[in-house]
file target30.cif (mmCIF, C-alpha atoms)
data_upload
loop_
_atom_site.label_atom_id
_atom_site.label_comp_id
_atom_site.auth_asym_id
_atom_site.auth_seq_id
_atom_site.Cartn_x
_atom_site.Cartn_y
_atom_site.Cartn_z
CA MET A 611 -11.73 10.83 -7.45
CA SER A 612 -13.52 13.65 -9.23
CA VAL A 613 -16.11 15.28 -7.08
CA GLN A 614 -17.61 18.57 -8.00
CA LYS A 615 -16.04 21.27 -5.91
CA THR A 616 -18.80 22.79 -3.84
CA THR A 617 -18.44 25.80 -1.65
CA ARG A 618 -20.78 26.93 1.03
CA PRO A 619 -21.99 30.55 1.29
CA ASP A 620 -19.34 31.22 3.96
CA GLY A 621 -16.57 30.21 1.56
CA GLN A 622 -15.88 26.90 3.34
CA PRO A 623 -15.95 23.59 1.44
CA GLY A 624 -19.24 21.63 1.50
CA ASP A 625 -19.60 18.21 3.15
CA GLU A 626 -19.13 16.13 0.01
CA HIS A 627 -16.16 18.15 -1.09
CA LEU A 628 -14.56 17.88 2.32
CA LEU A 629 -15.08 14.10 2.45
CA ALA A 630 -13.60 13.76 -1.05
CA MET A 631 -10.58 15.76 0.10
CA ILE A 632 -10.19 13.54 3.16
CA SER A 633 -10.28 10.36 1.10
CA SER A 634 -7.70 11.71 -1.34
CA VAL A 635 -5.39 12.67 1.54
CA PHE A 636 -5.51 9.12 2.91
CA GLU A 637 -5.26 7.55 -0.54
CA ALA A 638 -2.03 9.46 -0.99
CA ALA A 639 -0.62 8.99 2.51
CA ASP A 640 -1.71 5.43 3.22
CA PRO A 641 -2.72 3.66 0.01
CA VAL A 642 -3.90 0.05 -0.24
CA PRO A 643 -0.67 -1.95 -0.76
CA VAL A 644 0.09 -2.94 -4.33
CA GLY A 645 -1.19 -6.45 -4.99
CA LEU A 646 -3.40 -6.72 -1.91
CA VAL A 647 -6.64 -6.75 -3.88
CA ASP A 648 -5.28 -9.52 -6.13
CA ARG A 649 -4.09 -11.57 -3.15
CA ILE A 650 -7.49 -11.28 -1.51
CA ARG A 651 -9.28 -12.26 -4.71
CA LEU A 652 -7.04 -15.30 -4.97
CA SER A 653 -7.92 -16.29 -1.41
CA VAL A 654 -11.62 -15.85 -2.05
CA VAL A 655 -11.53 -17.86 -5.26
CA LEU A 656 -9.45 -20.63 -3.68
CA ALA A 657 -11.84 -20.82 -0.75
CA GLY A 658 -14.72 -21.03 -3.22
CA LEU A 659 -13.03 -23.79 -5.23
CA ASP A 660 -12.41 -25.80 -2.09
CA GLY A 661 -16.14 -25.54 -1.48
CA ASP A 662 -15.24 -26.26 2.10
CA LEU A 663 -16.58 -23.46 4.22
CA ASP A 664 -16.74 -25.80 7.11
CA SER A 665 -13.04 -25.27 7.26
CA GLU A 666 -11.77 -23.04 9.95
CA LEU A 667 -9.86 -19.89 9.18
CA ALA A 668 -6.81 -19.58 11.39
CA ARG A 669 -6.14 -16.03 12.45
CA LEU A 670 -2.90 -14.20 12.64
CA ALA A 671 -1.60 -14.17 16.21
CA VAL A 672 2.01 -13.03 16.05
CA HIS A 673 4.18 -11.82 13.21
CA GLU A 674 7.82 -11.09 13.83
CA ALA A 675 10.59 -10.24 11.44
CA ALA A 676 13.88 -11.39 12.88
CA LEU A 677 15.96 -8.86 10.99
CA ALA A 678 15.40 -5.35 9.82
CA ARG A 679 12.91 -4.79 7.02
CA GLY A 680 14.47 -5.15 3.61
CA HIS A 681 17.33 -7.32 4.80
CA PRO A 682 18.01 -9.89 2.07
CA GLU A 683 18.23 -12.79 4.50
CA GLU A 684 15.20 -11.83 6.48
CA SER A 685 13.69 -14.58 8.55
CA ARG A 686 10.10 -14.29 9.66
CA THR A 687 8.11 -16.14 12.24
CA ILE A 688 4.33 -16.14 11.95
CA THR A 689 1.84 -17.75 14.29
CA PHE A 690 -1.77 -18.46 13.37
CA ASP A 691 -4.42 -19.52 15.85
CA SER A 692 -7.62 -21.41 15.33
CA SER A 693 -9.83 -23.01 17.93
CA SER A 694 -8.38 -26.47 17.34
CA LEU A 695 -4.82 -25.75 16.26
CA THR A 696 -1.95 -23.31 16.44
CA ILE A 697 0.24 -23.14 13.36
CA MET A 698 3.65 -21.57 13.69
CA ILE A 699 5.87 -21.12 10.67
CA ARG A 700 9.33 -19.76 10.07
CA ILE A 701 10.21 -18.47 6.62
CA ASP A 702 13.89 -18.33 5.64
CA SER A 703 15.45 -17.26 2.37
CA ASN A 704 17.45 -19.83 0.42
CA ALA A 705 20.55 -18.77 -1.49
CA ASP A 706 18.84 -19.57 -4.82
CA GLY A 707 16.02 -17.07 -4.25
CA THR A 708 13.46 -19.60 -3.06
CA VAL A 709 12.29 -19.81 0.53
CA ARG A 710 12.27 -22.54 3.12
CA VAL A 711 9.21 -22.88 5.32
CA ASP A 712 9.48 -24.76 8.60
CA GLY A 713 6.33 -25.28 10.60
CA TRP A 714 5.01 -26.67 13.82
CA LEU A 715 1.48 -27.69 14.73
CA ALA A 716 0.35 -27.43 18.33
CA PRO A 717 -0.94 -29.59 19.79
CA PRO A 718 1.29 -31.92 17.74
CA HIS A 719 -0.52 -34.07 15.21
CA ARG A 720 0.33 -36.08 12.15
CA ARG A 721 -1.50 -34.14 9.47
CA ARG A 722 -1.38 -33.59 5.77
CA VAL A 723 -0.16 -30.01 5.29
CA GLU A 724 -0.66 -28.18 2.00
CA LEU A 725 0.95 -25.01 0.82
CA THR A 726 -1.55 -23.60 -1.68
CA MET A 727 -0.08 -21.27 -4.28
CA ALA A 728 -1.38 -19.67 -7.45
CA ASN A 729 -0.05 -22.52 -9.60
CA GLY A 730 -1.24 -25.32 -7.34
CA PRO A 731 -0.59 -26.93 -3.98
CA VAL A 732 2.46 -28.74 -2.65
CA THR A 733 1.90 -31.11 0.21
CA THR A 734 3.88 -32.68 3.00
CA ASP A 735 3.10 -34.51 6.22
CA ALA A 736 3.63 -33.25 9.71
CA ASP A 737 5.48 -35.79 11.88
CA ALA A 738 4.37 -37.03 15.29
CA ASP A 739 5.84 -33.90 16.87
CA GLY A 740 3.74 -31.74 14.57
CA ARG A 741 6.76 -30.60 12.57
CA PHE A 742 6.72 -30.09 8.83
CA ALA A 743 8.97 -28.43 6.27
CA PHE A 744 8.85 -27.20 2.69
CA LEU A 745 12.49 -26.92 1.67
CA SER A 746 12.33 -24.94 -1.55
CA ILE A 747 9.28 -22.85 -2.40
CA PRO A 748 9.13 -20.07 -4.99
CA ARG A 749 8.44 -16.64 -3.55
CA GLY A 750 4.87 -15.46 -3.93
CA THR A 751 1.47 -15.67 -2.33
CA ALA A 752 0.61 -18.85 -0.51
CA ARG A 753 -1.52 -20.10 2.29
CA ILE A 754 -1.36 -23.12 4.51
CA VAL A 755 -4.10 -25.73 4.65
CA VAL A 756 -3.97 -28.35 7.39
CA ARG A 757 -6.26 -31.28 6.61
CA PRO A 758 -8.10 -33.27 9.25
CA PRO A 759 -7.02 -36.90 9.79
CA GLU A 760 -9.62 -38.47 7.47
CA GLN A 761 -8.41 -36.47 4.51
CA SER A 762 -4.78 -36.82 5.54
CA THR A 763 -4.59 -40.57 5.28
CA GLY A 764 -7.60 -41.65 3.30
CA GLU A 765 -8.37 -44.12 6.10
CA SER A 766 -11.02 -43.83 8.71
CA GLN A 767 -9.63 -42.89 12.06
CA PRO A 768 -10.87 -44.27 15.35
CA GLY A 769 -12.33 -41.91 17.87
CA PRO A 770 -14.74 -39.01 17.74
CA PHE A 771 -12.50 -36.59 15.88
CA GLU A 772 -14.19 -33.28 15.32
CA ILE A 773 -11.25 -31.67 13.60
CA LYS A 774 -11.85 -29.37 10.73
CA THR A 775 -9.62 -28.33 7.89
CA VAL A 776 -7.70 -25.28 9.07
CA VAL A 777 -6.62 -22.65 6.57
CA THR A 778 -4.52 -19.54 7.10
CA PRO A 779 -4.96 -16.22 5.33
CA SER A 780 -2.65 -16.07 2.35
CA LEU A 781 0.75 -14.64 3.02
CA MET A 782 3.65 -13.32 1.01
CA LEU A 783 6.57 -15.74 1.01
CA MET B 1374 -27.31 -12.48 -4.85
CA ASP B 1375 -29.76 -13.51 -2.17
CA ASP B 1376 -31.84 -15.59 -4.57
CA GLN B 1377 -28.88 -17.54 -5.81
CA LEU B 1378 -27.79 -18.30 -2.31
CA THR B 1379 -31.12 -19.39 -0.92
CA THR B 1380 -32.05 -21.62 -3.86
CA ALA B 1381 -28.64 -23.28 -3.82
CA ASP B 1382 -28.90 -24.16 -0.15
CA GLY B 1383 -29.06 -27.86 -0.85
CA ASP B 1384 -25.75 -27.83 -2.62
CA MET B 1385 -23.01 -26.60 -0.35
CA THR B 1386 -20.34 -26.47 -3.01
CA ALA B 1387 -22.50 -24.54 -5.47
CA ARG B 1388 -23.50 -22.16 -2.71
CA VAL B 1389 -19.92 -21.50 -1.75
CA ARG B 1390 -18.88 -21.06 -5.37
CA SER B 1391 -21.59 -18.51 -6.04
CA ALA B 1392 -20.66 -16.69 -2.83
CA ALA B 1393 -17.03 -16.64 -3.95
CA LEU B 1394 -18.01 -15.14 -7.31
CA ALA B 1395 -20.11 -12.46 -5.63
CA VAL B 1396 -17.41 -11.65 -3.10
CA ASP B 1397 -14.73 -11.58 -5.78
CA GLU B 1398 -16.57 -8.71 -7.47
CA LEU B 1399 -16.92 -6.80 -4.21
CA VAL B 1400 -13.25 -7.02 -3.18
CA PRO B 1401 -11.89 -4.25 -5.44
CA ILE B 1402 -14.80 -1.97 -4.55
CA HIS B 1403 -14.64 -2.14 -0.77
CA THR B 1404 -11.02 -3.00 0.04
CA PRO B 1405 -9.90 0.68 0.08
CA MET B 1406 -12.52 1.40 2.77
CA LEU B 1407 -11.53 -1.65 4.84
CA TRP B 1408 -7.86 -0.80 4.54
CA GLN B 1409 -8.53 2.58 6.15
CA VAL B 1410 -10.63 0.93 8.87
CA ALA B 1411 -7.80 -1.46 9.75
CA ARG B 1412 -5.13 1.27 9.66
CA ALA B 1413 -7.28 3.67 11.68
CA ALA B 1414 -7.33 0.97 14.37
CA GLY B 1415 -3.55 1.33 14.61
CA LEU B 1416 -2.38 -1.78 12.77
CA GLY B 1417 0.89 -2.00 10.87
CA GLN B 1418 0.90 -2.79 7.16
CA GLN B 1419 1.27 -6.58 7.42
CA ASP B 1420 -1.31 -6.97 10.17
CA ALA B 1421 -3.74 -4.71 8.32
CA GLU B 1422 -3.33 -6.84 5.17
CA ASP B 1423 -4.04 -10.03 7.10
CA VAL B 1424 -7.06 -8.54 8.81
CA VAL B 1425 -8.64 -7.27 5.60
CA GLN B 1426 -8.04 -10.63 3.94
CA THR B 1427 -9.49 -12.55 6.87
CA VAL B 1428 -12.64 -10.44 6.77
CA TRP B 1429 -13.19 -11.06 3.06
CA VAL B 1430 -12.79 -14.82 3.40
CA SER B 1431 -15.14 -14.92 6.38
CA LEU B 1432 -17.70 -12.95 4.39
CA LEU B 1433 -18.06 -16.08 2.22
CA SER B 1434 -19.79 -17.92 5.01
CA HIS B 1435 -21.88 -14.93 6.11
CA LEU B 1436 -23.06 -13.63 2.77
CA ASP B 1437 -26.43 -15.38 2.97
CA THR B 1438 -27.29 -13.45 6.14
CA ILE B 1439 -26.75 -10.07 4.51
CA ARG B 1440 -29.76 -8.62 2.74
CA SER B 1441 -28.79 -5.22 1.36
CA PRO B 1442 -25.78 -3.25 0.13
CA GLU B 1443 -26.02 -1.02 3.22
CA ALA B 1444 -25.99 -4.07 5.48
CA LEU B 1445 -23.00 -5.41 3.56
CA THR B 1446 -21.01 -2.23 4.08
CA GLY B 1447 -21.96 -2.22 7.76
CA TRP B 1448 -21.01 -5.87 8.19
CA LEU B 1449 -17.64 -5.36 6.51
CA VAL B 1450 -16.75 -2.30 8.58
CA THR B 1451 -17.82 -3.92 11.84
CA ALA B 1452 -15.99 -7.19 11.12
CA THR B 1453 -12.81 -5.36 10.10
CA ARG B 1454 -12.87 -3.16 13.16
CA ARG B 1455 -13.39 -6.11 15.52
CA GLU B 1456 -10.69 -8.19 13.91
CA ALA B 1457 -8.32 -5.22 13.86
CA TRP B 1458 -8.79 -4.62 17.59
CA ARG B 1459 -8.32 -8.31 18.27
CA VAL B 1460 -5.04 -8.41 16.36
CA ALA B 1461 -3.91 -5.11 17.89
CA ALA B 1462 -4.59 -6.49 21.37
CA ALA B 1463 -2.61 -9.67 20.59
CA GLY B 1464 0.27 -7.61 19.19
CA ARG B 1465 0.56 -5.50 22.32
CA LYS B 1466 1.89 -8.50 24.19
CA THR B 1467 4.94 -8.73 21.96
CA GLN B 1468 5.60 -5.21 20.79
CA PRO B 1469 4.69 -1.72 21.84
CA ALA B 1470 1.99 -0.55 19.45
CA ASP B 1471 1.30 2.97 18.42
CA HIS B 1472 -2.42 3.48 18.69
CA GLU B 1473 -2.42 7.24 18.50
CA LEU B 1474 -4.69 7.80 15.57
CA LEU B 1475 -3.13 9.96 12.91
CA VAL B 1476 -0.51 11.38 15.22
CA GLU B 1477 1.76 9.96 12.63
CA ILE B 1478 0.67 7.99 9.63
CA PRO B 1479 2.29 4.63 10.32
CA ASP B 1480 3.62 4.23 6.80
CA PRO B 1481 7.18 2.97 6.52
CA ARG B 1482 7.79 4.52 3.12
CA ALA B 1483 9.82 7.64 3.65
CA ASP B 1484 8.53 9.44 0.61
CA SER B 1485 4.82 9.08 1.40
CA GLU B 1486 4.63 12.14 3.55
CA GLU B 1487 6.50 14.09 0.92
CA ARG B 1488 3.79 13.28 -1.55
CA VAL B 1489 1.20 14.50 0.91
CA LEU B 1490 3.14 17.66 1.51
CA ALA B 1491 3.32 18.28 -2.21
CA ALA B 1492 -0.24 19.48 -2.24
CA GLU B 1493 -0.76 22.61 -0.19
CA GLU B 1494 -4.46 21.97 0.16
CA GLN B 1495 -3.83 18.46 1.41
CA ARG B 1496 -1.23 19.67 3.88
CA THR B 1497 -3.63 22.16 5.39
CA LEU B 1498 -6.37 19.56 5.59
CA TRP B 1499 -3.98 17.09 7.17
CA ALA B 1500 -2.97 19.55 9.86
CA ALA B 1501 -6.61 20.40 10.52
CA LEU B 1502 -7.58 16.71 10.79
CA ARG B 1503 -4.88 16.14 13.37
CA THR B 1504 -6.38 18.74 15.68
CA LEU B 1505 -9.69 16.83 15.92
CA ASP B 1506 -10.49 14.40 18.71
CA PRO B 1507 -9.67 10.74 17.91
CA ARG B 1508 -13.32 9.80 17.51
CA CYS B 1509 -13.91 12.42 14.82
CA GLN B 1510 -10.62 11.52 13.15
CA GLU B 1511 -11.58 7.87 12.89
CA LEU B 1512 -15.15 8.62 11.84
CA LEU B 1513 -14.12 10.99 9.05
CA ARG B 1514 -11.27 8.75 7.86
CA ILE B 1515 -13.66 5.83 7.46
CA VAL B 1516 -16.78 7.66 6.31
CA ALA B 1517 -14.77 9.39 3.57
CA PHE B 1518 -14.41 5.94 1.95
CA VAL B 1519 -17.96 4.74 2.50
CA PRO B 1520 -20.50 4.89 -0.35
CA ARG B 1521 -22.82 7.77 0.48
CA PRO B 1522 -26.10 5.87 0.98
CA ASP B 1523 -24.37 3.73 3.61
CA TYR B 1524 -23.04 6.58 5.75
CA ASP B 1525 -25.58 6.40 8.52
CA LEU B 1526 -25.49 2.66 9.03
CA VAL B 1527 -21.70 2.63 9.10
CA ALA B 1528 -21.52 5.52 11.52
CA GLU B 1529 -24.00 3.67 13.71
CA ARG B 1530 -21.72 0.63 13.63
CA LEU B 1531 -18.90 2.87 14.75
CA GLY B 1532 -20.70 3.11 18.05
CA MET B 1533 -23.07 6.00 17.71
CA ARG B 1534 -26.67 5.97 18.75
CA ARG B 1535 -29.24 5.81 16.00
CA GLY B 1536 -30.48 9.33 15.43
CA SER B 1537 -27.25 10.93 16.60
CA VAL B 1538 -25.34 9.58 13.64
CA GLY B 1539 -26.04 12.27 11.06
CA PRO B 1540 -25.46 15.07 13.61
CA THR B 1541 -22.21 13.45 14.76
CA ARG B 1542 -20.89 13.32 11.22
CA LEU B 1543 -21.94 16.91 10.63
CA ARG B 1544 -20.41 18.00 13.92
CA CYS B 1545 -17.08 16.38 13.00
CA LEU B 1546 -17.18 18.05 9.58
CA ASP B 1547 -17.99 21.40 11.21
CA LYS B 1548 -15.09 20.99 13.62
CA LEU B 1549 -12.86 20.26 10.65
CA ARG B 1550 -14.05 23.42 8.89
CA VAL B 1551 -13.29 25.45 12.01
CA ALA B 1552 -9.81 23.89 12.18
CA LEU B 1553 -9.27 24.61 8.48
CA ARG B 1554 -10.28 28.22 8.97
CA ALA B 1555 -7.86 28.51 11.87
CA ALA B 1556 -5.05 26.96 9.81
CA GLU B 1557 -5.71 29.35 6.93
CA GLY B 1558 -5.83 32.24 9.37
CA ARG B 1559 -2.38 31.29 10.68
CA LYS B 1560 -1.03 31.09 7.14
CA GLU B 1561 -2.32 34.55 6.29
CA GLY B 1562 -0.89 35.87 9.54
CA LEU B 1563 2.53 34.61 8.47
CA ASN B 1564 2.42 36.25 5.05
#

call {"tool": "encode", "arguments": {"input": "target30.cif", "output": "structure tokens"}}
result
Amino acid sequence: MSVQKTTRPDGQPGDEHLLAMISSVFEAADPVPVGLVDRIRLSVVLAGLDGDLDSELARLAVHEAALARGHPEESRTITFDSSSLTIMIRIDSNADGTVRVDGWLAPPHRRRVELTMANGPVTTDADADGRFAFLSIPRGTARIVVRPPEQSTGESQPGPFEIKTVVTPSLML
Amino acid sequence: MDDQLTTADGDMTARVRSAALAVDELVPIHTPMLWQVARAAGLGQQDAEDVVQTVWVSLLSHLDTIRSPEALTGWLVTATRREAWRVAAAGRKTQPADHELLVEIPDPRADSEERVLAAEEQRTLWAALRTLDPRCQELLRIVAFVPRPDYDLVAERLGMRRGSVGPTRLRCLDKLRVALRAAEGRKEGLN
């Protein structure tokens, strides 16, 4: 950032100069992670393409790495909460460089579950216990979309279901 | 932006698409500011990433209520701060969190502090910043990334009374200048 260096009569830096110095200190010490802006833009564009803002954004609740950072066989457990659903996933590395994603929905429901990635979604169905799994997924940015029953099956469901599509923030697999 | 959104009200999909296009342009501009807001709240890297992302996606459904660039900056800072505190509170149940602002920059990369130390001016400023009270530290860290016309509104959203905002910012900057002078005085004393 190039800000004109201003000095006050007492030899101290002026307000603008001081603020520019502060921002450059933090830019150096704690920069925006590489790729974050692109991941966010992907999320925004995907949300726009869905055109489904009635969907509910699940929020990160718990994120735990089972092994030390940087361990090649790191396993992570992430929990997302929304008002209607809790989504818990475990991400494990496969030997071939892909990842396996195991998930649970609580309360348990049979739902269509999508893993949305840059090159398109893959889908699976959660079983009656709310369990689902993606066995071999390329590493990269993805997010999970849990469809309500109508969209899951293409059939009308009995009962006054008021269940929205639930999406998670995108995450690095 | 506003016109597009209000005239497209009848068509949800078109409205959302135009919001997504508008937001997509704003993401690179304001993400550095929101990153600092989330980190100043004490979040780790991964949590801070999730929080900033969540705020941007939720902006899509709030964009039509925001009428000016200043209001946008204020909305983003407020939403990020709230979400960051929410996540920080949830995280405390499972892991001890370090919420001491700037006592140590919570950056796992070992070389980052080295890069800071490389610049003498930055090192002095860093030391001076750390002597300020947490409120001034947070205010200056965030305001340093806020576009200038939006300063006052953002500072107000940080919990300061209207009318006391400008003086508070100036007071924090004055305290920093005093701390800088003291740090330089110590350096000269050593030479």

call {"tool": "closest_residue", "arguments": {"input": "target30.cif", "among": "B:Ala1555, B:Ala1461, B:Ala1501, B:Val1430", "to": "chain A", "atoms": "all atoms listed in the file"}}
result
B:Val1430

call {"tool": "atom_distance", "arguments": {"input": "target30.cif", "atom1": "atom CA of Leu646 of chain A", "atom2": "atom CA of Glu724 of chain A"}}
result
22.0 Å

call {"tool": "residues_around", "arguments": {"input": "target30.cif", "residues": "Pro731 of chain A", "least_positions_apart": "2", "cutoff": "10 Å", "atoms": "only C-alpha atoms", "output": "short mmCIF file (atom, residue, chain, number, x, y, z; two decimals) with C-alpha atoms, in the frame of the given file"}}
result
data_model
loop_
_atom_site.label_atom_id
_atom_site.label_comp_id
_atom_site.auth_asym_id
_atom_site.auth_seq_id
_atom_site.Cartn_x
_atom_site.Cartn_y
_atom_site.Cartn_z
CA VAL A 723 -0.16 -30.01 5.29
CA GLU A 724 -0.66 -28.18 2.00
CA LEU A 725 0.95 -25.01 0.82
CA THR A 726 -1.55 -23.60 -1.68
CA MET A 727 -0.08 -21.27 -4.28
CA ALA A 728 -1.38 -19.67 -7.45
CA ASN A 729 -0.05 -22.52 -9.60
CA THR A 733 1.90 -31.11 0.21
CA ALA A 752 0.61 -18.85 -0.51
CA ARG A 753 -1.52 -20.10 2.29
CA ILE A 754 -1.36 -23.12 4.51
CA VAL A 755 -4.10 -25.73 4.65
#

call {"tool": "atom_distance", "arguments": {"input": "target30.cif", "atom1": "atom CA of Trp1408 of chain B", "atom2": "atom CA of Asp1420 of chain B"}}
result
10.6 Å

call {"tool": "closest_residue", "arguments": {"input": "target30.cif", "among": "B:Leu1445, B:Pro1540, B:Phe1518, B:Lys1548", "to": "chain A", "atoms": "all atoms listed in the file"}}
result
B:Phe1518

call {"tool": "decode", "arguments": {"input": "target30.cif", "residues": "segment 1498-1523 of chain B", "atoms": "N, CA and C atoms", "output": "JSON list (two decimals), in the first residue's frame"}}
result
[["chain", "number", "residue", "atom", "x", "y", "z"],
["B", 1498, "LEU", "N", 6.61, -0.47, 15.74],
["B", 1498, "LEU", "CA", 5.17, -0.24, 15.75],
["B", 1498, "LEU", "C", 4.45, -1.39, 16.44],
["B", 1499, "TRP", "N", 4.91, -2.59, 16.16],
["B", 1499, "TRP", "CA", 4.30, -3.79, 16.74],
["B", 1499, "TRP", "C", 4.38, -3.74, 18.27],
["B", 1500, "ALA", "N", 5.58, -3.42, 18.74],
["B", 1500, "ALA", "CA", 5.79, -3.35, 20.19],
["B", 1500, "ALA", "C", 4.89, -2.27, 20.80],
["B", 1501, "ALA", "N", 4.78, -1.15, 20.09],
["B", 1501, "ALA", "CA", 3.97, -0.05, 20.61],
["B", 1501, "ALA", "C", 2.49, -0.44, 20.65],
["B", 1502, "LEU", "N", 2.04, -1.14, 19.59],
["B", 1502, "LEU", "CA", 0.63, -1.57, 19.53],
["B", 1502, "LEU", "C", 0.30, -2.47, 20.71],
["B", 1503, "ARG", "N", 1.26, -3.33, 21.06],
["B", 1503, "ARG", "CA", 0.99, -4.31, 22.12],
["B", 1503, "ARG", "C", 0.87, -3.68, 23.50],
["B", 1504, "THR", "N", 1.32, -2.43, 23.62],
["B", 1504, "THR", "CA", 1.19, -1.78, 24.93],
["B", 1504, "THR", "C", -0.19, -1.13, 25.10],
["B", 1505, "LEU", "N", -0.97, -1.04, 23.99],
["B", 1505, "LEU", "CA", -2.28, -0.38, 24.10],
["B", 1505, "LEU", "C", -3.30, -1.31, 24.74],
["B", 1506, "ASP", "N", -4.40, -0.69, 25.25],
["B", 1506, "ASP", "CA", -5.45, -1.53, 25.81],
["B", 1506, "ASP", "C", -6.14, -2.30, 24.67],
["B", 1507, "PRO", "N", -6.76, -3.45, 25.00],
["B", 1507, "PRO", "CA", -7.33, -4.32, 23.97],
["B", 1507, "PRO", "C", -8.32, -3.61, 23.05],
["B", 1508, "ARG", "N", -9.09, -2.69, 23.62],
["B", 1508, "ARG", "CA", -10.09, -1.99, 22.82],
["B", 1508, "ARG", "C", -9.42, -1.17, 21.71],
["B", 1509, "CYS", "N", -8.38, -0.43, 22.09],
["B", 1509, "CYS", "CA", -7.65, 0.36, 21.08],
["B", 1509, "CYS", "C", -6.96, -0.56, 20.08],
["B", 1510, "GLN", "N", -6.41, -1.68, 20.56],
["B", 1510, "GLN", "CA", -5.74, -2.61, 19.65],
["B", 1510, "GLN", "C", -6.71, -3.12, 18.59],
["B", 1511, "GLU", "N", -7.90, -3.52, 19.04],
["B", 1511, "GLU", "CA", -8.88, -4.05, 18.09],
["B", 1511, "GLU", "C", -9.35, -2.96, 17.15],
["B", 1512, "LEU", "N", -9.65, -1.79, 17.71],
["B", 1512, "LEU", "CA", -10.14, -0.69, 16.89],
["B", 1512, "LEU", "C", -9.14, -0.34, 15.79],
["B", 1513, "LEU", "N", -7.88, -0.17, 16.17],
["B", 1513, "LEU", "CA", -6.88, 0.25, 15.18],
["B", 1513, "LEU", "C", -6.62, -0.85, 14.16],
["B", 1514, "ARG", "N", -6.60, -2.11, 14.63],
["B", 1514, "ARG", "CA", -6.36, -3.23, 13.71],
["B", 1514, "ARG", "C", -7.44, -3.27, 12.62],
["B", 1515, "ILE", "N", -8.68, -3.03, 13.03],
["B", 1515, "ILE", "CA", -9.78, -3.10, 12.07],
["B", 1515, "ILE", "C", -9.86, -1.83, 11.23],
["B", 1516, "VAL", "N", -9.81, -0.68, 11.91],
["B", 1516, "VAL", "CA", -9.97, 0.59, 11.19],
["B", 1516, "VAL", "C", -8.86, 0.79, 10.15],
["B", 1517, "ALA", "N", -7.68, 0.23, 10.42],
["B", 1517, "ALA", "CA", -6.58, 0.36, 9.45],
["B", 1517, "ALA", "C", -6.94, -0.27, 8.11],
["B", 1518, "PHE", "N", -7.91, -1.19, 8.10],
["B", 1518, "PHE", "CA", -8.30, -1.87, 6.85],
["B", 1518, "PHE", "C", -9.61, -1.35, 6.28],
["B", 1519, "VAL", "N", -10.20, -0.38, 6.94],
["B", 1519, "VAL", "CA", -11.51, 0.12, 6.51],
["B", 1519, "VAL", "C", -11.31, 1.30, 5.56],
["B", 1520, "PRO", "N", -12.07, 1.34, 4.45],
["B", 1520, "PRO", "CA", -11.98, 2.51, 3.57],
["B", 1520, "PRO", "C", -12.28, 3.78, 4.36],
["B", 1521, "ARG", "N", -11.53, 4.82, 4.13],
["B", 1521, "ARG", "CA", -11.59, 6.00, 4.98],
["B", 1521, "ARG", "C", -12.98, 6.61, 5.20],
["B", 1522, "PRO", "N", -13.82, 6.73, 4.15],
["B", 1522, "PRO", "CA", -15.12, 7.36, 4.40],
["B", 1522, "PRO", "C", -15.99, 6.56, 5.36],
["B", 1523, "ASP", "N", -15.65, 5.29, 5.58],
["B", 1523, "ASP", "CA", -16.50, 4.42, 6.39],
["B", 1523, "ASP", "C", -16.01, 4.31, 7.84]]
